[in-house]
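For reference, final05.cif is printed below; it contains mmCIF, C-alpha atoms.
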```
data_query
#
loop_
_atom_site.group_PDB
_atom_site.id
_atom_site.type_symbol
_atom_site.label_atom_id
_atom_site.label_comp_id
_atom_site.auth_asym_id
_atom_site.auth_seq_id
_atom_site.Cartn_x
_atom_site.Cartn_y
_atom_site.Cartn_z
ATOM 1 C CA MET R 949 0.000 0.000 0.000
ATOM 2 C CA ARG R 950 1.347 3.400 -0.923
ATOM 3 C CA THR R 951 1.031 6.514 1.230
ATOM 4 C CA LEU R 952 -2.299 8.317 1.024
ATOM 5 C CA SER R 953 -2.898 12.044 0.754
ATOM 6 C CA GLU R 954 -4.309 13.900 3.753
ATOM 7 C CA GLY R 955 -8.044 14.455 3.468
ATOM 8 C CA GLN R 956 -8.558 11.309 1.341
ATOM 9 C CA PHE R 957 -11.744 9.423 2.203
ATOM 10 C CA ILE R 958 -11.309 5.689 2.792
ATOM 11 C CA LYS R 959 -13.417 2.703 3.813
ATOM 12 C CA HIS R 960 -12.055 0.088 6.228
ATOM 13 C CA VAL R 961 -13.635 -3.341 6.729
ATOM 14 C CA GLN R 962 -13.782 -3.083 10.539
ATOM 15 C CA TYR R 963 -13.936 0.674 11.244
ATOM 16 C CA GLY R 964 -16.026 1.961 8.322
ATOM 17 C CA LEU R 965 -15.624 5.379 6.720
ATOM 18 C CA GLY R 966 -12.736 7.633 7.651
ATOM 19 C CA VAL R 967 -10.495 10.512 6.604
ATOM 20 C CA VAL R 968 -6.704 10.236 6.306
ATOM 21 C CA THR R 969 -5.091 12.704 8.714
ATOM 22 C CA HIS R 970 -1.434 11.688 8.173
ATOM 23 C CA SER R 971 0.388 9.183 5.989
ATOM 24 C CA ASP R 972 4.043 8.363 5.394
ATOM 25 C CA ALA R 973 6.030 5.252 4.437
ATOM 26 C CA GLU R 974 5.822 3.862 7.997
ATOM 27 C CA ARG R 975 2.482 4.890 9.530
ATOM 28 C CA THR R 976 -0.929 6.150 8.452
ATOM 29 C CA SER R 977 -3.402 7.868 10.791
ATOM 30 C CA ILE R 978 -7.094 7.791 9.949
ATOM 31 C CA ASP R 979 -9.938 9.517 11.780
ATOM 32 C CA PHE R 980 -12.988 7.246 11.665
ATOM 33 C CA HIS R 981 -16.524 8.534 12.058
ATOM 34 C CA LEU R 982 -17.589 6.255 14.906
ATOM 35 C CA HIS R 983 -14.292 4.864 16.192
ATOM 36 C CA GLY R 984 -12.050 7.930 16.442
ATOM 37 C CA SER R 985 -8.444 8.165 15.331
ATOM 38 C CA LYS R 986 -6.493 4.971 14.561
ATOM 39 C CA LYS R 987 -2.895 4.397 13.446
ATOM 40 C CA PHE R 988 -1.891 1.695 10.978
ATOM 41 C CA VAL R 989 1.350 0.311 9.604
ATOM 42 C CA THR R 990 1.130 1.686 6.054
ATOM 43 C CA ARG R 991 2.419 -1.383 4.245
ATOM 44 C CA LEU R 992 0.069 -3.745 6.140
ATOM 45 C CA MET R 993 -3.210 -1.816 6.134
ATOM 46 C CA THR R 994 -6.045 -2.768 3.826
ATOM 47 C CA VAL R 995 -8.384 0.081 2.929
ATOM 48 C CA GLU R 996 -10.527 0.993 -0.035
ATOM 49 C CA LEU R 997 -10.388 4.512 -1.484
ATOM 50 C CA THR R 998 -13.826 6.099 -1.797
ATOM 51 C CA ASP R 999 -15.407 9.387 -2.786
ATOM 52 C CA GLU R 1000 -18.075 8.900 -0.140
ATOM 53 C CA ALA R 1001 -17.512 11.367 2.687
ATOM 54 C CA PRO R 1002 -18.238 10.184 6.223
ATOM 55 C CA PRO R 1003 -21.191 11.920 7.880
ATOM 56 C CA PRO R 1004 -20.433 14.638 10.437
ATOM 57 C CA LYS R 1005 -19.334 13.354 13.819
ATOM 58 C CA PRO R 1006 -22.157 13.000 16.350
ATOM 59 C CA HIS R 1007 -22.263 15.496 19.181
ATOM 60 C CA SER R 1008 -21.529 14.233 22.646
ATOM 61 C CA LEU R 1009 -24.672 13.303 24.523
ATOM 62 C CA ARG R 1010 -23.088 14.114 27.860
ATOM 63 C CA ARG R 1011 -24.633 16.985 29.712
ATOM 64 C CA LYS R 1012 -22.622 19.286 31.858
ATOM 65 C CA ARG R 1013 -23.050 18.564 35.528
ATOM 66 C CA ALA R 1014 -24.581 21.433 37.485
ATOM 67 C CA PRO R 1015 -22.409 22.657 40.327
ATOM 68 C CA THR R 1016 -23.326 21.003 43.593
ATOM 69 C CA GLN R 1017 -25.155 23.334 45.952
ATOM 70 C CA ILE R 1018 -24.188 22.810 49.575
ATOM 71 C CA PRO R 1019 -26.953 23.933 51.918
ATOM 72 C CA PRO R 1020 -25.940 26.441 54.600
ATOM 73 C CA VAL R 1021 -25.127 24.967 57.987
ATOM 74 C CA THR R 1022 -26.503 26.488 61.194
ATOM 75 C CA ILE R 1023 -24.238 26.200 64.212
ATOM 76 C CA THR R 1024 -25.780 26.496 67.605
ATOM 77 C CA VAL R 1025 -23.452 27.216 70.522
ATOM 78 C CA ILE R 1026 -24.705 25.925 73.841
ATOM 79 C CA GLY R 1027 -23.580 28.453 76.392
ATOM 80 C CA LYS R 1028 -21.768 28.300 79.681
#
```
Here is the file; what I need is its structure written in the form of structure tokens.
Amino acid sequence: MRTLSEGQFIKHVQYGLGVVTHSDAERTSIDFHLHGSKKFVTRLMTVELTDEAPPPKPHSLRRKRAPTQIPPVTITVIGK
């Protein structure tokens, strides 16, 4: 497998659609739609070039946690 150009769309059997983010003679990094960024040994990877662009990445479904409100504490001093 030869090096791929950055921005090239590819299809991988296991990870699906992705975009090449870096490629040289040794390693190739691909950002996959659902699986994130993965690194491959360039000469061993098996991918299919495609013109099909991956869909936009889904937004995180995590909601920000509201700051915890600590109720005020009343201290009663029992006198002498």
Residue nearest Glu974 (chain R) - candidates R:Ala1001, R:Leu952, R:Val995, R:Ile958, atoms counted: only C-alpha atoms: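 Nearest to Glu974 (chain R): R:Leu952.
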Could you tell me which residues the PyMOL selection byres ((chain R and resi 976) around 6) grabs in this file, written as a compact mmCIF listing (two decimals) with C-alpha atoms, keeping the file's coordinate frame?
```
# COMPACT_ATOMS: atom_id res chain seq x y z
CA HIS R 970 -1.43 11.69 8.17
CA SER R 971 0.39 9.18 5.99
CA ARG R 975 2.48 4.89 9.53
CA SER R 977 -3.40 7.87 10.79
CA LYS R 987 -2.90 4.40 13.45
CA PHE R 988 -1.89 1.70 10.98
CA THR R 990 1.13 1.69 6.05
```
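Applying the 12 Å criterion to (-11.2, 3.8, -7.0) in file coordinates and using all atoms listed in the file, one obtains the residues Gln956, Phe957, Ile958, Lys959, Val995, Glu996, Leu997, Thr998, Asp999 and Glu1000 of chain R.
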Closest of R:Val1021, R:Ile1026, R:Pro1004, R:Leu992 to Ala973 (chain R) - atom-to-atom distances counting all atoms listed in the file: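 The closest residue to Ala973 (chain R) is R:Leu992.
Picture a line from CA of Ser953 (chain R) to CA of Met993 (chain R); it runs 14.9 Å.
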Tyr963 (chain R) surroundings by all atoms listed in the file, 9 Å radius, close-in-sequence under 6 positions cut, as an MDAnalysis selection string: chainID R and resid 980:983
Straight-line distance linking CA of Val967 (chain R) with CA of Gly955 (chain R), stated in Å to one decimal: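 Rounded to one decimal, the two atoms are 5.6 Å apart.
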Atomic distance CA of Thr994 (chain R) - CA of His960 (chain R), expressed in Å with one decimal: 7.1 Å
For Thr951 (chain R), the nearest of the candidates R:Arg1013, R:Pro1019, R:Gly1027, R:Thr969, counting only C-alpha atoms: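 Going through R:Arg1013, R:Pro1019, R:Gly1027, R:Thr969 one by one, the smallest distance to Thr951 (chain R) is for R:Thr969.
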Best match for closeness to Arg950 (chain R) among R:Val1025, R:Ile978, R:Asp972, R:Lys986, counting all atoms listed in the file: R:Asp972
